[in-house]
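One structure is given here, and the rest of the page talks about it.
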Amino acid sequence: MGKRLTPAQREKLPKSDFACPARAPGAGSYPINDPARVASAKSYYKRRYTAKCKDGKLRICRRAKKFGMLKGDYPGSADWRKWCKGVK
């Protein structure tokens, strides 16, 4: 994973860099500004008791696509394509 975000760095991220921008930069907002954080957001979002947000999965899948995580040569791409299936 990338370097740990400090609270100050997290505050500076635009709301568009979060899976749940309405909660950003607070807890449960899931930063998605790089591939490692997109993968982390997915793992947290998939948890049964994790708070969900409107369009969170959509935002995570779109960012994964932007970073090339759905392409065949990306490690785990089949799982990404399966998880994002049906998301527009």
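Residue numbering restarts at 1 for every chain of the structure tokens, chains are lettered A, B, ... in their displayed order, and ligands are numbered from 1 as they appear.
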Stretch 34-87 of chain A: which residues are alpha helix (DSSP H) by DSSP, as JSON, numbers by chain? {"A": [35, 36, 37, 38, 39, 40, 41, 42, 43, 44, 45, 46, 56, 57, 58, 59, 60, 61, 62, 63, 64, 65, 66, 77, 78, 79, 80, 81, 82, 83, 84]}
Atoms kept (N, CA and C atoms) for selection, written as a compact mmCIF listing (two decimals), in the first residue's frame:
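Writing done, so here's part-v2.txt:
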# COMPACT_ATOMS: atom_id res chain seq x y z
N PRO A 35 -4.26 2.98 -6.53
CA PRO A 35 -4.72 1.59 -6.63
C PRO A 35 -4.77 0.84 -5.29
N ALA A 36 -3.79 1.06 -4.45
CA ALA A 36 -3.76 0.34 -3.17
C ALA A 36 -4.95 0.75 -2.30
N ARG A 37 -5.29 2.01 -2.32
CA ARG A 37 -6.43 2.47 -1.51
C ARG A 37 -7.76 2.05 -2.13
N VAL A 38 -7.80 1.92 -3.45
CA VAL A 38 -9.02 1.41 -4.10
C VAL A 38 -9.25 -0.03 -3.65
N ALA A 39 -8.19 -0.83 -3.64
CA ALA A 39 -8.29 -2.22 -3.19
C ALA A 39 -8.71 -2.29 -1.72
N SER A 40 -8.15 -1.40 -0.91
CA SER A 40 -8.50 -1.36 0.51
C SER A 40 -9.96 -0.96 0.69
N ALA A 41 -10.41 0.02 -0.08
CA ALA A 41 -11.81 0.47 0.01
C ALA A 41 -12.75 -0.68 -0.34
N LYS A 42 -12.37 -1.45 -1.36
CA LYS A 42 -13.20 -2.59 -1.76
C LYS A 42 -13.29 -3.59 -0.61
N SER A 43 -12.16 -3.91 0.02
CA SER A 43 -12.18 -4.91 1.09
C SER A 43 -13.01 -4.44 2.27
N TYR A 44 -12.93 -3.17 2.62
CA TYR A 44 -13.76 -2.64 3.70
C TYR A 44 -15.23 -2.61 3.29
N TYR A 45 -15.49 -2.20 2.08
CA TYR A 45 -16.87 -2.05 1.60
C TYR A 45 -17.59 -3.40 1.53
N LYS A 46 -16.84 -4.46 1.26
CA LYS A 46 -17.43 -5.80 1.15
C LYS A 46 -17.81 -6.40 2.50
N GLY A 56 -21.32 4.07 -3.44
CA GLY A 56 -19.96 3.75 -3.01
C GLY A 56 -19.30 2.68 -3.88
N LYS A 57 -20.04 1.60 -4.13
CA LYS A 57 -19.50 0.52 -4.96
C LYS A 57 -19.25 1.03 -6.37
N LEU A 58 -20.15 1.83 -6.88
CA LEU A 58 -19.99 2.42 -8.22
C LEU A 58 -18.72 3.25 -8.29
N ARG A 59 -18.49 4.08 -7.29
CA ARG A 59 -17.29 4.94 -7.29
C ARG A 59 -16.01 4.11 -7.19
N ILE A 60 -16.04 3.04 -6.38
CA ILE A 60 -14.88 2.17 -6.24
C ILE A 60 -14.60 1.47 -7.58
N CYS A 61 -15.64 0.95 -8.22
CA CYS A 61 -15.46 0.25 -9.50
C CYS A 61 -14.97 1.19 -10.60
N ARG A 62 -15.50 2.38 -10.64
CA ARG A 62 -15.04 3.34 -11.65
C ARG A 62 -13.58 3.71 -11.45
N ARG A 63 -13.18 3.87 -10.22
CA ARG A 63 -11.78 4.21 -9.95
C ARG A 63 -10.88 3.02 -10.26
N ALA A 64 -11.34 1.81 -9.96
CA ALA A 64 -10.57 0.61 -10.30
C ALA A 64 -10.37 0.52 -11.81
N LYS A 65 -11.41 0.82 -12.55
CA LYS A 65 -11.30 0.82 -14.01
C LYS A 65 -10.31 1.88 -14.48
N LYS A 66 -10.36 3.06 -13.87
CA LYS A 66 -9.44 4.14 -14.22
C LYS A 66 -7.98 3.71 -14.01
N SER A 77 -7.63 -9.35 -11.37
CA SER A 77 -8.59 -8.66 -12.23
C SER A 77 -9.90 -9.43 -12.38
N ALA A 78 -9.84 -10.76 -12.37
CA ALA A 78 -11.06 -11.55 -12.50
C ALA A 78 -12.00 -11.29 -11.32
N ASP A 79 -11.43 -11.20 -10.13
CA ASP A 79 -12.24 -10.90 -8.95
C ASP A 79 -12.82 -9.49 -9.05
N TRP A 80 -12.03 -8.54 -9.54
CA TRP A 80 -12.53 -7.17 -9.72
C TRP A 80 -13.68 -7.14 -10.72
N ARG A 81 -13.52 -7.84 -11.84
CA ARG A 81 -14.58 -7.85 -12.85
C ARG A 81 -15.85 -8.49 -12.30
N LYS A 82 -15.70 -9.55 -11.52
CA LYS A 82 -16.86 -10.22 -10.92
C LYS A 82 -17.55 -9.29 -9.93
N TRP A 83 -16.78 -8.61 -9.06
CA TRP A 83 -17.35 -7.72 -8.05
C TRP A 83 -18.04 -6.52 -8.68
N CYS A 84 -17.47 -6.02 -9.77
CA CYS A 84 -18.00 -4.83 -10.43
C CYS A 84 -19.07 -5.14 -11.49
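Distances here use only C-alpha atoms; by that measure, the residue among A:Ile32, A:Leu70, A:Val87, A:Ala51 closest to A:Leu13 is A:Ile32.
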What gap, in Å, lies between atom CA of A:Lys88 and atom CA of A:Ala22?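 Between these atoms lies a distance of 20.2 Å.
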Residues near A:Ser29, anyone? I mean within 9 Å using only C-alpha atoms, not counting same-chain ones fewer than 2 positions away, as a ChimeraX atom specification. /A:18-27,31,41,53,56
